[in-house]
file query-v5.cif (mmCIF, C-alpha atoms)
data_start
#
loop_
_atom_site.label_atom_id
_atom_site.label_comp_id
_atom_site.auth_asym_id
_atom_site.auth_seq_id
_atom_site.Cartn_x
_atom_site.Cartn_y
_atom_site.Cartn_z
CA MET A 1431 63.40 119.49 146.43
CA GLU A 1432 61.90 116.03 145.86
CA SER A 1433 65.41 114.55 145.52
CA PHE A 1434 66.47 116.21 148.77
CA VAL A 1435 63.43 114.87 150.63
CA LYS A 1436 64.11 111.39 149.25
CA PHE A 1437 67.75 111.67 150.30
CA THR A 1438 67.01 112.81 153.86
CA ASN A 1439 64.38 110.08 154.28
CA GLN A 1440 67.17 107.52 154.07
CA SER A 1441 69.01 106.74 157.30
CA GLN A 1442 72.31 106.72 155.41
CA GLY A 1443 71.49 110.11 153.92
CA ARG A 1444 70.82 111.66 157.33
CA ASP A 1445 73.98 110.07 158.73
CA ARG A 1446 76.09 111.50 155.89
CA LEU A 1447 74.67 114.99 156.44
CA PHE A 1448 75.29 114.78 160.19
CA ARG A 1449 78.81 113.51 159.53
CA ALA A 1450 79.58 116.31 157.07
CA THR A 1451 78.31 118.87 159.59
CA GLN A 1452 80.36 117.27 162.37
CA TYR A 1453 83.63 117.43 160.45
CA ALA A 1454 82.90 120.90 159.06
CA CYS A 1455 82.48 122.12 162.64
CA MET A 1456 85.71 120.36 163.66
CA LEU A 1457 87.60 122.07 160.83
CA LEU A 1458 86.12 125.51 161.51
CA SER A 1459 86.76 125.30 165.25
CA TYR A 1460 90.39 124.35 164.56
CA VAL A 1461 90.80 127.32 162.18
CA LEU A 1462 89.18 129.80 164.59
CA GLU A 1463 90.62 128.40 167.83
CA ASN A 1464 93.57 130.79 168.02
CA LYS A 1465 91.67 133.80 166.66
CA ALA A 1466 91.07 136.55 169.19
CA GLY A 1467 87.42 137.19 170.02
CA ARG A 1468 86.24 133.90 168.50
CA GLU A 1469 85.98 131.93 171.74
CA LYS A 1470 82.17 131.86 171.80
CA VAL A 1471 81.99 130.82 168.15
CA VAL A 1472 84.47 128.00 168.78
CA MET A 1473 82.47 126.80 171.79
CA LYS A 1474 79.27 126.76 169.70
CA LEU A 1475 80.99 124.86 166.89
CA LYS A 1476 82.35 122.26 169.32
CA ARG A 1477 78.88 121.91 170.86
CA VAL A 1478 77.33 121.33 167.43
CA GLU A 1479 80.11 118.85 166.61
CA SER A 1480 79.38 116.93 169.82
CA ASN A 1481 75.64 116.93 169.12
CA MET A 1482 76.19 115.64 165.59
CA SER A 1483 78.40 112.85 166.93
CA SER A 1484 75.74 111.86 169.50
CA GLY A 1485 73.02 111.96 166.85
CA ARG A 1486 75.02 109.69 164.57
CA LYS A 1487 75.47 107.17 167.39
CA LEU A 1488 71.69 107.06 167.76
CA PHE A 1489 71.22 106.50 164.01
CA ARG A 1490 73.74 103.64 164.08
CA LEU A 1491 71.96 101.57 166.74
CA GLY A 1492 70.40 99.23 164.18
CA ASN A 1493 73.42 98.98 161.92
CA MET A 1494 74.76 95.91 163.72
CA VAL A 1495 72.01 93.81 162.12
CA HIS A 1496 72.87 95.18 158.67
CA ALA A 1497 76.55 94.37 159.24
CA ILE A 1498 75.68 90.78 160.23
CA GLU A 1499 73.57 90.36 157.10
CA GLY A 1500 76.38 91.91 155.05
CA ALA A 1501 78.86 89.39 156.47
CA LYS A 1502 76.51 86.51 155.59
CA ALA A 1503 76.11 87.80 152.02
CA ALA A 1504 79.85 88.37 151.60
CA ALA A 1505 80.64 84.84 152.80
CA ARG A 1506 78.66 83.49 149.83
CA LEU A 1507 80.63 85.39 147.17
CA SER A 1508 82.39 83.20 144.61
CA ASP A 1509 85.46 85.45 144.34
CA PRO A 1510 87.73 84.35 147.25
CA ILE A 1511 89.43 87.74 147.66
CA LEU A 1512 86.15 89.66 147.71
CA CYS A 1513 84.70 87.03 150.03
CA TYR A 1514 87.56 87.39 152.51
CA CYS A 1515 87.82 91.19 152.40
CA LEU A 1516 84.10 91.99 152.60
CA THR A 1517 83.41 89.35 155.24
CA ALA A 1518 86.25 90.78 157.35
CA VAL A 1519 84.92 94.30 156.77
CA ASN A 1520 81.45 93.41 158.00
CA LEU A 1521 82.64 91.35 160.98
CA ASN A 1522 84.75 94.29 162.13
CA ARG A 1523 81.75 96.55 161.61
CA VAL A 1524 79.69 94.25 163.87
CA LEU A 1525 82.31 94.62 166.61
CA TYR A 1526 82.55 98.37 166.01
CA PHE A 1527 78.79 98.89 166.29
CA THR A 1528 78.75 96.75 169.45
CA CYS A 1529 81.35 99.01 171.05
CA ASP A 1530 79.52 102.07 169.71
CA THR A 1531 76.25 100.90 171.29
CA VAL A 1532 77.97 100.38 174.66
CA LEU A 1533 79.42 103.89 174.47
CA TRP A 1534 76.02 105.35 173.57
CA ALA A 1535 74.36 103.51 176.48
CA ARG A 1536 77.04 104.89 178.81
CA SER A 1537 76.62 108.44 177.48
CA VAL A 1538 72.87 108.42 178.27
CA ASP A 1539 73.45 106.72 181.66
CA LEU A 1540 71.67 103.50 180.73
CA VAL A 1541 74.67 101.56 182.08
CA SER A 1542 77.39 102.44 184.54
CA GLY A 1543 80.82 101.13 185.42
CA ILE A 1544 81.94 101.29 181.79
CA ASN A 1545 85.49 102.39 181.02
CA LYS A 1546 84.77 104.80 178.18
CA GLU A 1547 88.39 105.12 177.08
CA LYS A 1548 88.85 101.36 176.84
CA TRP A 1549 85.65 100.87 174.83
CA ARG A 1550 86.46 103.86 172.63
CA HIS A 1551 89.88 102.36 171.92
CA ARG A 1552 88.27 99.01 171.02
CA ALA A 1553 85.81 100.76 168.71
CA THR A 1554 88.63 102.67 167.01
CA GLN A 1555 90.61 99.46 166.47
CA CYS A 1556 87.63 97.73 164.87
CA TYR A 1557 86.98 100.75 162.67
CA PHE A 1558 90.66 100.84 161.67
CA TYR A 1559 90.71 97.13 160.70
CA SER A 1560 87.47 97.56 158.77
CA LEU A 1561 89.03 100.40 156.76
CA LEU A 1562 92.17 98.36 156.05
CA PHE A 1563 90.06 95.57 154.54
CA HIS A 1564 88.01 98.17 152.66
CA ILE A 1565 91.20 99.58 151.12
CA ALA A 1566 92.42 96.07 150.28
CA ARG A 1567 89.13 95.53 148.47
CA ASP A 1568 89.62 98.85 146.63
CA LEU A 1569 93.14 97.86 145.54
CA TYR A 1570 91.77 94.57 144.23
CA ALA A 1571 89.08 96.45 142.30
CA ILE A 1572 91.74 98.80 140.86
CA ARG A 1573 93.81 95.81 139.77
CA GLN A 1574 90.79 94.29 138.03
CA CYS A 1575 90.05 97.59 136.27
CA MET A 1576 93.66 97.90 135.12
CA GLU A 1577 93.65 94.34 133.75
CA ARG A 1578 90.49 95.07 131.76
CA GLU A 1579 91.89 98.38 130.55
CA ALA A 1580 95.17 96.73 129.49
CA LYS A 1581 93.25 94.05 127.57
CA GLU A 1582 91.21 96.68 125.75
CA ARG A 1583 94.30 98.72 124.90
CA ARG A 1584 96.10 95.64 123.58
CA HIS A 1585 93.09 94.89 121.43
CA LEU A 1586 93.07 98.44 120.06
CA THR A 1587 96.78 98.39 119.26
CA LYS A 1588 96.35 95.11 117.41
CA ASP A 1589 93.56 96.64 115.34
CA ALA A 1590 95.90 99.55 114.56
CA ASP A 1591 98.57 97.14 113.21
CA HIS A 1592 100.65 97.44 116.37
CA ARG A 1593 101.41 101.07 115.62
CA ASN A 1594 102.30 101.85 119.22
CA GLY A 1595 103.25 98.34 120.36
CA PRO A 1596 101.62 96.51 123.26
CA ILE A 1597 100.81 98.40 126.41
CA LEU A 1598 103.08 96.15 128.47
CA ASN A 1599 106.36 95.01 126.90
CA SER A 1600 109.22 93.30 128.72
CA ASN A 1601 111.67 95.14 126.43
CA ASN A 1602 110.50 98.55 127.62
CA THR A 1603 112.81 100.58 129.80
CA LEU A 1604 111.98 101.06 133.47
CA MET A 1605 110.77 104.62 132.84
CA LYS A 1606 108.60 103.51 129.94
CA SER A 1607 107.09 100.73 132.04
CA LEU A 1608 106.39 103.19 134.84
CA GLU A 1609 104.82 105.61 132.37
CA ASN A 1610 102.61 102.86 130.97
CA PHE A 1611 101.60 101.82 134.49
CA LEU A 1612 100.64 105.37 135.48
CA ILE A 1613 98.70 105.91 132.26
CA LEU A 1614 96.90 102.62 132.80
CA LEU A 1615 96.11 103.53 136.42
CA PHE A 1616 94.81 106.97 135.41
CA MET A 1617 92.62 105.58 132.64
CA SER A 1618 91.27 102.83 134.90
CA LEU A 1619 90.26 105.27 137.67
CA ARG A 1620 88.87 107.78 135.19
CA ASN A 1621 86.70 105.15 133.53
CA HIS A 1622 85.51 103.65 136.84
CA PRO A 1623 84.35 106.54 139.09
CA PRO A 1624 82.89 104.25 141.83
CA VAL A 1625 86.31 102.69 142.41
CA LEU A 1626 88.00 106.10 142.51
CA LEU A 1627 85.45 107.64 144.90
CA ASP A 1628 85.45 104.64 147.25
CA THR A 1629 89.26 104.59 147.39
CA ILE A 1630 89.53 108.31 148.16
CA LYS A 1631 86.79 108.03 150.78
CA ASN A 1632 88.42 105.12 152.62
CA VAL A 1633 91.92 106.66 152.52
CA CYS A 1634 90.55 109.92 153.94
CA ASP A 1635 88.73 108.02 156.70
CA LEU A 1636 91.92 106.17 157.64
CA PHE A 1637 93.63 109.21 159.21
CA SER A 1638 91.15 109.56 162.06
CA PRO A 1639 91.75 106.10 163.63
CA LEU A 1640 95.48 106.40 162.90
CA ASP A 1641 95.53 109.58 164.97
CA ARG A 1642 93.41 108.14 167.80
CA LEU A 1643 95.53 104.99 168.02
CA GLY A 1644 98.73 107.05 168.06
CA VAL A 1645 100.06 105.40 164.90
CA TYR A 1646 100.22 108.63 162.90
CA LYS A 1647 99.49 111.79 164.86
CA THR A 1648 98.08 114.74 162.95
CA ASN A 1649 95.77 117.54 164.11
CA GLN A 1650 92.05 118.25 164.25
CA GLY A 1651 92.25 120.51 161.20
CA PHE A 1652 93.67 117.79 158.97
CA ILE A 1653 91.24 115.19 160.32
CA GLY A 1654 88.41 117.68 159.77
CA ILE A 1655 89.39 118.18 156.11
CA CYS A 1656 89.71 114.42 155.50
CA GLY A 1657 86.42 113.71 157.27
CA LEU A 1658 84.63 116.46 155.35
CA VAL A 1659 85.93 115.17 151.98
CA SER A 1660 84.93 111.62 152.91
CA SER A 1661 81.48 112.77 154.05
CA ILE A 1662 80.85 114.73 150.84
CA LEU A 1663 81.80 111.67 148.79
CA GLY A 1664 79.45 109.63 150.97
CA VAL A 1665 76.64 112.10 150.27
CA ILE A 1666 77.34 111.83 146.53
CA THR A 1667 77.24 108.03 146.51
CA VAL A 1668 74.01 107.91 148.54
CA ALA A 1669 72.39 110.53 146.28
CA ASN A 1670 73.57 108.69 143.15
CA PRO A 1671 73.71 104.91 143.74
CA LEU A 1672 75.39 104.42 140.34
CA LEU A 1673 78.55 105.91 141.86
CA LYS A 1674 78.57 103.42 144.74
CA LEU A 1675 81.09 100.58 144.43
CA LYS A 1676 79.28 97.26 144.05
CA ASN A 1677 80.60 93.78 144.90
#
call {"tool": "encode", "arguments": {"input": "query-v5.cif", "output": "structure tokens"}}
result
Amino acid sequence: MESFVKFTNQSQGRDRLFRATQYACMLLSYVLENKAGREKVVMKLKRVESNMSSGRKLFRLGNMVHAIEGAKAAARLSDPILCYCLTAVNLNRVLYFTCDTVLWARSVDLVSGINKEKWRHRATQCYFYSLLFHIARDLYAIRQCMEREAKERRHLTKDADHRNGPILNSNNTLMKSLENFLILLFMSLRNHPPVLLDTIKNVCDLFSPLDRLGVYKTNQGFIGICGLVSSILGVITVANPLLKLKN
């Protein structure tokens, strides 16, 4: 119970719970939508989904400042690839939260004359670009993990008198090289859970903006599943910071 209280006291923790509830309602309403006699249940689920979305917008009002500070910190990183990717991520988050704040102000009638569809499209674009740079950062992290794993495996094979040969050999056949690559990828992700979880989370999140922008149309059920998986992974990383991908 103490861990749960500590988790819910964090703004990120509350946001993850709201997000998981939002996408769970989206998935359930999609499943029940064509079921006879379930109209009232579907309406309630969609109402809860809408309320969760509005609540999350309220929680995110101060996140623009965090994104600005994140961009400043990322710009000071010594690794040029991490510097570029994480700075771009945070700058796009700043733009996204700006659009999100405008949409929230419009939804509570603090401002008028706002084209909601245009601002929603801008927010989706910023979110999409942020995810692309997130995934680029994940791929870079995977590459680094694979290089370390390959070095360790080469060291082990040398200690074993080259019994199995080096992990990467130019004389290997194409199939053998592919097999070695897949084994190396599997071992790298298995030994580095934060990289694996962050990659899955960002790939799952990608389908929602792809659908909204019309790049890859899916359905609310699929988006609900992806969003729910992403939200659960987000809950796990907030509850256990050791599983969160660090710079």
call {"tool": "closest_residue", "arguments": {"input": "query-v5.cif", "among": "A:Leu1608, A:Ser1660, A:Leu1673, A:Val1665", "to": "A:Pro1624", "atoms": "all atoms listed in the file"}}
result
A:Leu1673
call {"tool": "atom_distance", "arguments": {"input": "query-v5.cif", "atom1": "atom CA of A:Ile1630", "atom2": "atom CA of A:Arg1567"}}
result
12.8 Å
call {"tool": "closest_residue", "arguments": {"input": "query-v5.cif", "among": "A:Leu1619, A:Ser1560, A:Pro1510, A:Gly1664", "to": "A:Arg1573", "atoms": "all atoms listed in the file"}}
result
A:Leu1619
call {"tool": "resolve_selection", "arguments": {"input": "query-v5.cif", "expression": "the PyMOL selection byres ((chain A and resi 1462) around 12)", "output": "PDB file with C-alpha atoms, keeping the file's coordinate frame"}}
result
ATOM      1  CA  CYS A1455      82.480 122.120 162.640  1.00  0.00           C
ATOM      2  CA  MET A1456      85.710 120.360 163.660  1.00  0.00           C
ATOM      3  CA  LEU A1457      87.600 122.070 160.830  1.00  0.00           C
ATOM      4  CA  LEU A1458      86.120 125.510 161.510  1.00  0.00           C
ATOM      5  CA  SER A1459      86.760 125.300 165.250  1.00  0.00           C
ATOM      6  CA  TYR A1460      90.390 124.350 164.560  1.00  0.00           C
ATOM      7  CA  VAL A1461      90.800 127.320 162.180  1.00  0.00           C
ATOM      8  CA  GLU A1463      90.620 128.400 167.830  1.00  0.00           C
ATOM      9  CA  ASN A1464      93.570 130.790 168.020  1.00  0.00           C
ATOM     10  CA  LYS A1465      91.670 133.800 166.660  1.00  0.00           C
ATOM     11  CA  ALA A1466      91.070 136.550 169.190  1.00  0.00           C
ATOM     12  CA  GLY A1467      87.420 137.190 170.020  1.00  0.00           C
ATOM     13  CA  ARG A1468      86.240 133.900 168.500  1.00  0.00           C
ATOM     14  CA  GLU A1469      85.980 131.930 171.740  1.00  0.00           C
ATOM     15  CA  LYS A1470      82.170 131.860 171.800  1.00  0.00           C
ATOM     16  CA  VAL A1471      81.990 130.820 168.150  1.00  0.00           C
ATOM     17  CA  VAL A1472      84.470 128.000 168.780  1.00  0.00           C
ATOM     18  CA  MET A1473      82.470 126.800 171.790  1.00  0.00           C
ATOM     19  CA  LYS A1474      79.270 126.760 169.700  1.00  0.00           C
ATOM     20  CA  LEU A1475      80.990 124.860 166.890  1.00  0.00           C
ATOM     21  CA  LYS A1476      82.350 122.260 169.320  1.00  0.00           C
ATOM     22  CA  GLN A1650      92.050 118.250 164.250  1.00  0.00           C
ATOM     23  CA  GLY A1651      92.250 120.510 161.200  1.00  0.00           C
TER      24      GLY A1651
END
call {"tool": "closest_residue", "arguments": {"input": "query-v5.cif", "among": "A:Cys1634, A:Ile1544, A:Cys1575, A:Val1645", "to": "A:Phe1616", "atoms": "all atoms listed in the file"}}
result
A:Cys1575
call {"tool": "closest_residue", "arguments": {"input": "query-v5.cif", "among": "A:Leu1488, A:Ala1497, A:Leu1516, A:Leu1627", "to": "A:Asp1530", "atoms": "only C-alpha atoms"}}
result
A:Leu1488
call {"tool": "resolve_selection", "arguments": {"input": "query-v5.cif", "expression": "the PyMOL selection byres ((chain A and resi 1486) around 9)", "output": "PDB file with C-alpha atoms, keeping the file's coordinate frame"}}
result
ATOM      1  CA  ARG A1444      70.820 111.660 157.330  1.00  0.00           C
ATOM      2  CA  ASP A1445      73.980 110.070 158.730  1.00  0.00           C
ATOM      3  CA  ARG A1446      76.090 111.500 155.890  1.00  0.00           C
ATOM      4  CA  PHE A1448      75.290 114.780 160.190  1.00  0.00           C
ATOM      5  CA  ARG A1449      78.810 113.510 159.530  1.00  0.00           C
ATOM      6  CA  ASN A1481      75.640 116.930 169.120  1.00  0.00           C
ATOM      7  CA  MET A1482      76.190 115.640 165.590  1.00  0.00           C
ATOM      8  CA  SER A1483      78.400 112.850 166.930  1.00  0.00           C
ATOM      9  CA  SER A1484      75.740 111.860 169.500  1.00  0.00           C
ATOM     10  CA  GLY A1485      73.020 111.960 166.850  1.00  0.00           C
ATOM     11  CA  LYS A1487      75.470 107.170 167.390  1.00  0.00           C
ATOM     12  CA  LEU A1488      71.690 107.060 167.760  1.00  0.00           C
ATOM     13  CA  PHE A1489      71.220 106.500 164.010  1.00  0.00           C
ATOM     14  CA  ARG A1490      73.740 103.640 164.080  1.00  0.00           C
ATOM     15  CA  LEU A1491      71.960 101.570 166.740  1.00  0.00           C
TER      16      LEU A1491
END
call {"tool": "resolve_selection", "arguments": {"input": "query-v5.cif", "expression": "the PyMOL selection byres ((chain A and resi 1566) around 12)", "output": "list in words"}}
result
Ile1511, Leu1512, Cys1513, Tyr1514, Cys1515, Leu1516, Ala1518, Val1519, Tyr1559, Ser1560, Leu1561, Leu1562, Phe1563, His1564, Ile1565, Arg1567, Asp1568, Leu1569, Tyr1570, Ala1571, Ile1572, Arg1573, Val1625, Asp1628, Thr1629, Asn1632 and Val1633 of chain A
call {"tool": "atom_distance", "arguments": {"input": "query-v5.cif", "atom1": "atom CA of A:Asn1545", "atom2": "atom CA of A:Leu1533"}}
result
9.1 Å
